[in-house]
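**Student:** Just dropping this structure here.
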Amino acid sequence: MRFDHSVTVQAPPERVWAIFSDVAKWPEWTSTIDSVERLDEGRIHVGAKTRIRQPKLPVAIWEVTEVVEGEYFEWVSRAPGIRTIGGHRVTVTPEGTVATSTIIQEGPIGWVFGKLYAGLTRRYIAIEGESLKKISEQTSSGTDPEPGHRAEPA
């Protein structure tokens, strides 16, 4: 099963990428993430691992499998019978910077999990996209949100 969500952000792509790729700070700007624990140091890189806790979902450890600095990163989480791939892309268009999130669920249980959690998955990636848009546009305009403030979609 595959889920995609894109949002157009009125902020420079470098700004959107900086926020999108700083996974340790995701709980500060989106309500879909309870906590993030980086299991290594520094910027994201191939092989980097992160433990993420989300409401209504099992705790998952994500390992980065691909990075194109400033444009894209992909990571994978594995559990018995399921492999989940998360993609995060920043693209420049004439309308603005487009941020796209993708979730792909594979494996013998992947299809079942995808069907059972389809509504939640769609809702979470939409909230994350809108929250990324809001926080990127706030900081781009020079109006930094309060520390720890989660940007919620309008």
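Numbering starts fresh at 1 for the residues of each chain in the structure tokens, the chains themselves are lettered A, B, ... in the order given, and ligands are numbered from 1 as they appear.
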Mind checking which residues fall within 9 Å of range 19-30 of chain A, counting only C-alpha atoms, ignoring those fewer than 4 positions away in the same chain, and posting them as a count of residues only?

**Tutor:** 31

**Student:** Any idea what's packed within 7 Å of Pro55 in chain A, counting only C-alpha atoms, ignoring anything in its chain fewer than 2 positions away? Could you give it as a PyMOL selection string?

**Tutor:** chain A and resi 32-34+53+57

**Student:** Would you write out those residues with all heavy atoms, as an mmCIF file, in the first residue's frame?

**Tutor:**
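The resulting file, part_3.cif, is shown below:
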data_model
loop_
_atom_site.group_PDB
_atom_site.id
_atom_site.type_symbol
_atom_site.label_atom_id
_atom_site.label_comp_id
_atom_site.auth_asym_id
_atom_site.auth_seq_id
_atom_site.Cartn_x
_atom_site.Cartn_y
_atom_site.Cartn_z
ATOM 1 N N THR A 32 1.540 14.721 15.426
ATOM 2 C CA THR A 32 1.516 13.305 15.075
ATOM 3 C C THR A 32 2.713 12.541 15.625
ATOM 4 O O THR A 32 2.787 11.319 15.468
ATOM 5 C CB THR A 32 1.481 13.117 13.545
ATOM 6 O OG1 THR A 32 2.695 13.646 12.997
ATOM 7 C CG2 THR A 32 0.269 13.800 12.930
ATOM 8 N N ILE A 33 3.630 13.243 16.257
ATOM 9 C CA ILE A 33 4.832 12.624 16.818
ATOM 10 C C ILE A 33 4.899 12.930 18.310
ATOM 11 O O ILE A 33 4.948 14.089 18.703
ATOM 12 C CB ILE A 33 6.122 13.164 16.144
ATOM 13 C CG1 ILE A 33 6.061 13.045 14.615
ATOM 14 C CG2 ILE A 33 7.360 12.488 16.720
ATOM 15 C CD1 ILE A 33 6.193 11.658 14.067
ATOM 16 N N ASP A 34 4.889 11.879 19.138
ATOM 17 C CA ASP A 34 5.017 12.075 20.587
ATOM 18 C C ASP A 34 6.461 12.312 20.985
ATOM 19 O O ASP A 34 6.759 13.195 21.772
ATOM 20 C CB ASP A 34 4.490 10.851 21.348
ATOM 21 C CG ASP A 34 2.977 10.775 21.343
ATOM 22 O OD1 ASP A 34 2.310 11.827 21.224
ATOM 23 O OD2 ASP A 34 2.453 9.644 21.454
ATOM 24 N N ARG A 53 7.967 7.579 18.449
ATOM 25 C CA ARG A 53 6.712 7.203 19.109
ATOM 26 C C ARG A 53 5.621 8.118 18.566
ATOM 27 O O ARG A 53 5.773 9.335 18.578
ATOM 28 C CB ARG A 53 6.807 7.389 20.622
ATOM 29 C CG ARG A 53 7.819 6.506 21.292
ATOM 30 C CD ARG A 53 7.875 6.744 22.815
ATOM 31 N NE ARG A 53 9.066 6.204 23.406
ATOM 32 C CZ ARG A 53 9.311 4.914 23.616
ATOM 33 N NH1 ARG A 53 8.422 4.032 23.261
ATOM 34 N NH2 ARG A 53 10.437 4.505 24.159
ATOM 35 N N LEU A 57 0.109 4.213 17.274
ATOM 36 C CA LEU A 57 0.959 3.341 16.454
ATOM 37 C C LEU A 57 2.048 2.719 17.316
ATOM 38 O O LEU A 57 2.466 3.310 18.318
ATOM 39 C CB LEU A 57 1.619 4.143 15.325
ATOM 40 C CG LEU A 57 0.703 4.638 14.208
ATOM 41 C CD1 LEU A 57 1.462 5.552 13.263
ATOM 42 C CD2 LEU A 57 0.090 3.467 13.447
#

**Student:** Could you tell me which of A:Val98, A:Ile109, A:Leu120, A:Ala126 comes closest to Ala11 in chain A if we count only C-alpha atoms?

**Tutor:** A:Val98

**Student:** As an exercise, work out the distance from CA of Pro12 in chain A to CA of Thr102 in chain A in Å and give it to one decimal place.

**Tutor:**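 For CA of Pro12 in chain A relative to CA of Thr102 in chain A, the distance reads 21.1 Å.
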
**Student:** Could you tell me how far CA of Glu95 in chain A sits from CA of Val64 in chain A, in Å to one decimal place?

**Tutor:** 29.4 Å

**Student:** I need the residues in range 65-95 of chain A that are strand (DSSP E) according to DSSP; give them as a list in words.

**Tutor:**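 Filtering range 65-95 of chain A to strand (DSSP E) leaves Thr65, Glu66, Val67, Val68, Tyr72, Phe73, Glu74, Trp75, Val76, Ser77, Arg78, Ala79, Ile82, Arg83, Thr84, Ile85, Gly86, Gly87, His88, Arg89, Val90, Thr91, Val92 and Thr93 of chain A.
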
**Student:** Skipping near chain neighbours, those fewer than 3 positions away, what residues fall within 12 Å of Trp111 in chain A using only C-alpha atoms, listed as a PyMOL selection string?

**Tutor:** chain A and resi 1-2+81-84+104-108+114-118
